[in-house]
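> Dropping the structure in here first, questions after.
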Amino acid sequence: MSFQNPVFIPGPTNIPESLRKACDMPTIDHRSPLFGQILHPARAGVRKILKSDSAEIFIFPSSGTGGWETAVTNTLSAGDKILAARNGMFSHRWIDLCQRHGLDVQIVDTPWGEGLPADRYEEILTADTNHEIKAVLATHNETATGVLSDIAAVRRALDAASHPAMLFVDGVSSIASVDFRFDEWGVDVAVTGSQKGFMLPAGLAIVGFSAKAMEATQTGTLPRTFFDVHDMRKGYANNAYPYTPAVGLMNGLNEACTMLLNEGLENVFARHRRIAEGVRAAVGAWGMELCAANPSVYSDTVSAIRTPDGFNATDIVTHAAEKYGVAFGVGLGEVAGKVFRIGHLGSLTDVMALSGIATAEMCMADLGLDIQLGSGVAAAQDYYRGQTAQEQRDAA
Ligand SMILES: *Cc1c(COP(=O)(O)O)cnc(C)c1O
């Protein structure tokens, strides 16, 4: 492996130099106004990135998985019914977490490669006339399959059924990279981590709670200690945590929010869209297909690429690491060996993406796949050249 090459895994993502520096700081008193000068702006920055005026932001020393646990344990009680679709490894793992907490999960099995079935959600919620379902889980971006789902459609399903269930959204591989509208979509808990769109090392679970989710903390009886949002809220009021915060990472988060907001959220989203379109142009030029079933669910943060039958897609990832010192993502769960993944989120430019596309081509050619060297690179170059010219015209 090389420390120089960018990574093309869908998280952790490449860390910009300025964020590495922001994380590297001397020890300060983590129960002092000085820590407050990091904590409060970081929370305000996250709230803006969620496009929310009112979400209460909590940041735990943890990872995205801890964010799932925060959502569930603070608001629900053992035996509560929840509704979730399983369309990939991450939605599967969130369901597993809920089951281990004694929740009764109604699972809608959905083919891997498809988005969340909002129409099935609507039918199930409409049939639940006693309102036994307390929460609906939605994985915004299924990182295992490269599928982005329509959260507004899930909200419409809840509204069409006039159902009061809370809406919990896993935005770990979408937030800060693609559009996320906490208020407009009526999200009750949004979950992410530090090591994807926020371009930081792993180590923070970042969650937003709506007023309704905060209210549910009064009735939910699942045990919680480390992830108790009320303990956290009391800590924040005193510029502190109930325990020791990851101060350097928090400083990095504050800086990451500043970076993203200075670039402009819409520009960040457009950059992710452009880079992803170039990767997809390359995949098309290779004559290959995405795991994502159709363009309406293509993810702008990760592409899962199907390899021909009889070929082990994981070999590409192993070979890329061993021969070229470059990291791609393996297929997970049901699609293990059938897909490899190119992560294209976080701190990335067109030029960096071209190097990943070129490396993937070398690996596939080395391994005997029928790939014309340069074909994907040329397709992406064409796209980036034209797109950049268009964006410059639009800006002029
Ligand atoms: C990465 C990821 C997770 C898990 O987050 P961790 O930080 O590894 O705990 C959950 N959901 C999605 C969609 C992810 O991409």
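Residues in the structure tokens are numbered from 1 in each chain, the chains being A, B, ... in the order shown, and ligands are numbered from 1 in the order shown.
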Please list as a list in words every residue within 9 Å of range 159-164 of chain A, counting only C-alpha atoms and excluding residues in the same chain fewer than 3 positions away.

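The neighbour list is Glu122, Glu123, Ile124, Leu125, Thr126, Ala127, Asp128, Thr129, His131, Ile133, Lys134, Ala135, Val154, Arg155 and Arg156 of chain A.
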
> Could you name the residues that touch Asp29 in chain A at 10 Å or less, counting only C-alpha atoms, but leaving out those on the same chain fewer than 4 positions away, as JSON, numbers by chain?

{"A": [33, 34, 35, 240, 244, 247]}

> Neighbours of ligand 1 within 7 Å, counting only C-alpha atoms and all ligand atoms, as a ChimeraX atom specification?

/A:11,63-66,90,139,141-143,170-173,193,195,202

> Find the residues of range 82-118 of chain A that sit at most 10 Å from range 330-350 of chain A; for each, write down the nearest two atoms and how far apart they are in Å, to one decimal. Count only C-alpha atoms. Sort by chain, then by number going up, and give it as JSON lines.


```
{"residue": "A:Asn87", "atom": "CA", "partner": "A:Glu334", "partner_atom": "CA", "distance": 9.9}
{"residue": "A:Gly88", "atom": "CA", "partner": "A:Gly333", "partner_atom": "CA", "distance": 7.7}
{"residue": "A:Met89", "atom": "CA", "partner": "A:Gly333", "partner_atom": "CA", "distance": 6.1}
{"residue": "A:Phe90", "atom": "CA", "partner": "A:Leu332", "partner_atom": "CA", "distance": 9.4}
{"residue": "A:His92", "atom": "CA", "partner": "A:Gly333", "partner_atom": "CA", "distance": 9.4}
{"residue": "A:Trp112", "atom": "CA", "partner": "A:Glu334", "partner_atom": "CA", "distance": 7.9}
{"residue": "A:Gly113", "atom": "CA", "partner": "A:Val335", "partner_atom": "CA", "distance": 9.7}
```

> Nearest residue to Asp228 in chain A out of A:Glu69, A:Asp315, A:Asp53, A:Glu184, using only C-alpha atoms?

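Counting only C-alpha atoms, the residue closest to Asp228 in chain A is A:Glu69.
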
> Excluding Val46 in chain A and any residue of its chain fewer than 3 positions from it, enumerate the residues within 8 Å of it, using only C-alpha atoms, and give them as a list of chain:residue names.

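Listed by chain and then number, they are A:Ala42, A:Arg43, A:Ile49, A:Leu50, A:Ile57, A:Cys257.
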
> Keeping only N, CA, C and O atoms, write the selected residues as a short mmCIF file (atom, residue, chain, number, x, y, z; two decimals), in the first residue's frame.


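Output below, filename again_37.cif:
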```
data_model
loop_
_atom_site.label_atom_id
_atom_site.label_comp_id
_atom_site.auth_asym_id
_atom_site.auth_seq_id
_atom_site.Cartn_x
_atom_site.Cartn_y
_atom_site.Cartn_z
N ALA A 42 -19.31 23.85 15.78
CA ALA A 42 -19.35 22.57 15.06
C ALA A 42 -20.80 22.09 14.96
O ALA A 42 -21.26 21.65 13.90
N ARG A 43 -21.52 22.20 16.08
CA ARG A 43 -22.93 21.77 16.05
C ARG A 43 -23.76 22.65 15.12
O ARG A 43 -24.62 22.17 14.38
N ILE A 49 -25.61 22.00 7.49
CA ILE A 49 -25.38 20.98 6.44
C ILE A 49 -26.59 20.06 6.34
O ILE A 49 -26.91 19.57 5.26
N LEU A 50 -27.28 19.85 7.46
CA LEU A 50 -28.52 19.06 7.41
C LEU A 50 -29.69 19.87 6.86
O LEU A 50 -30.79 19.34 6.71
N ILE A 57 -28.42 18.90 17.59
CA ILE A 57 -27.28 18.11 17.10
C ILE A 57 -26.50 17.53 18.28
O ILE A 57 -26.13 18.26 19.21
N CYS A 257 -16.88 21.71 8.56
CA CYS A 257 -18.14 22.41 8.27
C CYS A 257 -17.83 23.75 7.61
O CYS A 257 -18.50 24.14 6.63
#
```
